Amino acid sequence: MSQFWKPGSERPRLVDDGEGGVFFYSATPSSSRFGYASMEKQRQRLPVFKYRTAILYLVENHATTIIVGETGSGKTTQIPQYLKEAGWAEGGRMIACTQPRRLAVQSVASRVAEEMGVKLGEEVGYTIRFEDLTNPDLTRIKFLTDGMLLREMMDDPLLTKYSIIMVDEAHERSVSTDLLFGLLKKIQRRRPDLRLIISSATIEAKTLASFFDTSKKSHVGTDKESEPKKVPAMLSVEGRGFDVEIHYLEESVSDYLQTAVSTVLAIHDQEPAGDILVFLTGQDDIDAAVQLLTEENENHGRHASGLTIVPLYSGLPRAEQDLVFYPTPKGKRKIVISTNIAETSLTLEGVVYVVDSGFSKQRYYNPIADIENLIVAPISKASARQRAGRAGRVRSGKCYRLYTEEYYIKEMMSEGTPEMQRSNLVSCVIQLKALGIDNILGFDWPVLPSPEAIIRALEILYSLDIIDEDAKLTSPTGFQVAEIPMDPMISKMILSASSLGCTEEIITIAAVLSIQSIWVFGRGAQKELDEAKLRFAAAEGDHITYLNIYKGFLHSGKSAQWCHKNFINYQTMKKVIEIREQLKKVLQRMGVSLKSCDGDTNIVRKAVTAGFFAYACRLEAFGPSGLYKTVRSSEDVYIHPSSVLFRKVLMFSYILLSLFWA
């Protein structure tokens, strides 16, 4: 039986270095206690395995442990298991492990359940928005997104059911992660027994250790013997990585998409077997690359024969996302074309070659103009290292960077800008308000957001009647909005629909808005897709169009064939129905009445406007065709190409101008 160091038992032969680090003499356990020997052997081959005793020692003795583990070290899947085996989930307690991405939560939970030989949803479970696969009586290891843990705090502010909370992939520095850091630090002051593990591949450990170091600020003065040390511990875990040979372009290129496709074909022609992972910016780029490679496969089979092309981005249905994890067929080479979702957490074992475009899509919010843009921006050196590391998982690999070495050394940023400093903070502020934290500017932020963004968030919440003149949540509207797990503007829209009498229609619209896209973007079938959209298009815009699609789906008997015929994603529509039912339960629990307006689109539009009036725009009568200006800040805006109104801009402009001059 493997000898795990139990909390409270005799310490192993370890020496604390006094600064939160640790030196250890031997951490080589004996044979497995698991029935599945082959699985246990795989676990023992992971680099984190030899650090197991050290990790358990540090967690027992320090309130916060920061683990810097290289890509492929096994920290995400193994550490929660080590903690459970050591007794941290006994007595009805749970171990939480957060991830910034939904797909990572699902895939990691599935893997850990498989390794433990248990059914997913019982001893190991996961929670993401609108999907809870846990059992309160059985679940001991729970994977969830950062945002879901924040929502749990509204019902249980001190997170009393958890003995340990592990925040994984912390280097991504999402808004939810940074908010979680500040709140967990507050909780630790009230719950000295709570242990935190902050885990990442690239995060600056000393900066985070300084943030969580409360030893000098402790109101007690010194640590009690019965309590863990308040000085965070730091441990570096080596990766399993093989050598990765880095290749750069000799000169910059203007079309990274075409260069990425050409590089994939060159690798396929000239390099030995091994899968290829390509990093592009988003769905449009990925679909275009898939189409180019598919056409190459059809027209020039010599170059592209034997390729299995798999896209990967967050908007894909779960079944299609899972294709990236399937073993590559013999004699084939798998090409995974992904966003930065594949930088961390997801393990793609067959990848030997990485093609790095050097770009990713990032959200940037301008609080002055109150406009959030999704722009293609250069990645940081930290992201570049993460991407390259994916090539060295199974054997020595190669990374082809589609930029010059000089650019990497002299111009590329070392770290990316934390999302907290480039995001709309409306949801963030209302979460803090709901948790009773009214002094937003005085909150202990890991990185300070811009005062302009906070002021703008407070202004929007006040205009929506969610907070009052004293910046406190209004009753009942403010508290109800905080309880609905949606963007505050969508939540306000739903509550307004209750008084207007169109809740049934609005929760359908809200469910669709919570999904990235309900359309299937057929490769080379843009014309057919546009025609399909027109079959449901309403002159009132996309919101009423969503109602038409939903009604059509129900009328078809929720038919997959109907969805395929109309370029609508069947799995997504099933998810819309599921989210809609969850919203109904939330509203019923809050005592909000559910009514239908029986097709009165004017009432529906009033409800939508009640939530989104801050984004109202006016058509410019004398400007370029289709130009609008925001009412609040006079910013130039246009209808997005994905809107059903995009191809009707001229017609609607003509109608509106006619009404204007009438």
# chains A, B, ... in the order shown; residues from 1 in each chain; ligands from 1
>>> residues_around(residues="region 204-213 of chain A", least_positions_apart="6", cutoff="7 Å", atoms="only C-alpha atoms", output="list in words")
Ile66, Lys185, Lys230, Val231, Pro232 and Pro446 of chain A
>>> select_by_dssp(residues="region 79-163 of chain A", states="helix (DSSP H, G or I)", output="MDAnalysis selection string")
chainID A and resid 79:85 102:116 146:155
>>> select_by_dssp(residues="region 608-647 of chain A", states="strand (DSSP E)", output="list in words")
Cys617, Arg618, Leu619, Tyr628, Lys629, Thr630, Asp636 and Val637 of chain A
>>> write_last_selection(atoms="N, CA, C and O atoms", output="short mmCIF file (atom, residue, chain, number, x, y, z; two decimals), in the first residue's frame")
data_model
loop_
_atom_site.label_atom_id
_atom_site.label_comp_id
_atom_site.auth_asym_id
_atom_site.auth_seq_id
_atom_site.Cartn_x
_atom_site.Cartn_y
_atom_site.Cartn_z
N CYS A 617 -28.72 52.91 -29.92
CA CYS A 617 -28.02 53.63 -31.00
C CYS A 617 -29.05 54.28 -31.91
O CYS A 617 -30.20 53.86 -31.95
N ARG A 618 -28.63 55.29 -32.62
CA ARG A 618 -29.52 55.94 -33.58
C ARG A 618 -28.89 55.88 -34.97
O ARG A 618 -27.66 55.99 -35.11
N LEU A 619 -29.72 55.71 -35.97
CA LEU A 619 -29.24 55.67 -37.35
C LEU A 619 -28.87 57.08 -37.80
O LEU A 619 -29.61 58.03 -37.57
N TYR A 628 -24.53 53.79 -37.46
CA TYR A 628 -25.26 54.20 -36.27
C TYR A 628 -24.30 54.89 -35.32
O TYR A 628 -23.08 54.68 -35.38
N LYS A 629 -24.85 55.66 -34.39
CA LYS A 629 -24.05 56.26 -33.32
C LYS A 629 -24.70 55.92 -31.99
O LYS A 629 -25.94 55.95 -31.85
N THR A 630 -23.85 55.55 -31.01
CA THR A 630 -24.39 55.25 -29.69
C THR A 630 -24.97 56.52 -29.09
O THR A 630 -24.41 57.61 -29.23
N ASP A 636 -19.22 55.58 -33.37
CA ASP A 636 -19.69 54.97 -34.62
C ASP A 636 -19.78 53.46 -34.47
O ASP A 636 -18.82 52.81 -34.03
N VAL A 637 -20.92 52.89 -34.83
CA VAL A 637 -21.10 51.44 -34.78
C VAL A 637 -21.87 50.98 -36.01
O VAL A 637 -22.59 51.76 -36.64
#
>>> residues_around(residues="region 339-355 of chain A", least_positions_apart="2", cutoff="6 Å", atoms="only C-alpha atoms", output="list in words")
Ala104, Gly274, Asp275, Ile276, Leu277, Val278, Phe279, Leu280, Thr281, Gly282, Tyr313, Gln386, Arg387, Ala391, Gly397, Lys398, Cys399 and Tyr400 of chain A
>>> closest_residue(among="A:Gly182, A:Pro80, A:Gly69, A:Pro451", to="Met116 (chain A)", atoms="only C-alpha atoms")
A:Pro80
>>> atom_distance(atom1="CA of Arg140 (chain A)", atom2="CA of Ala89 (chain A)")
5.8 Å
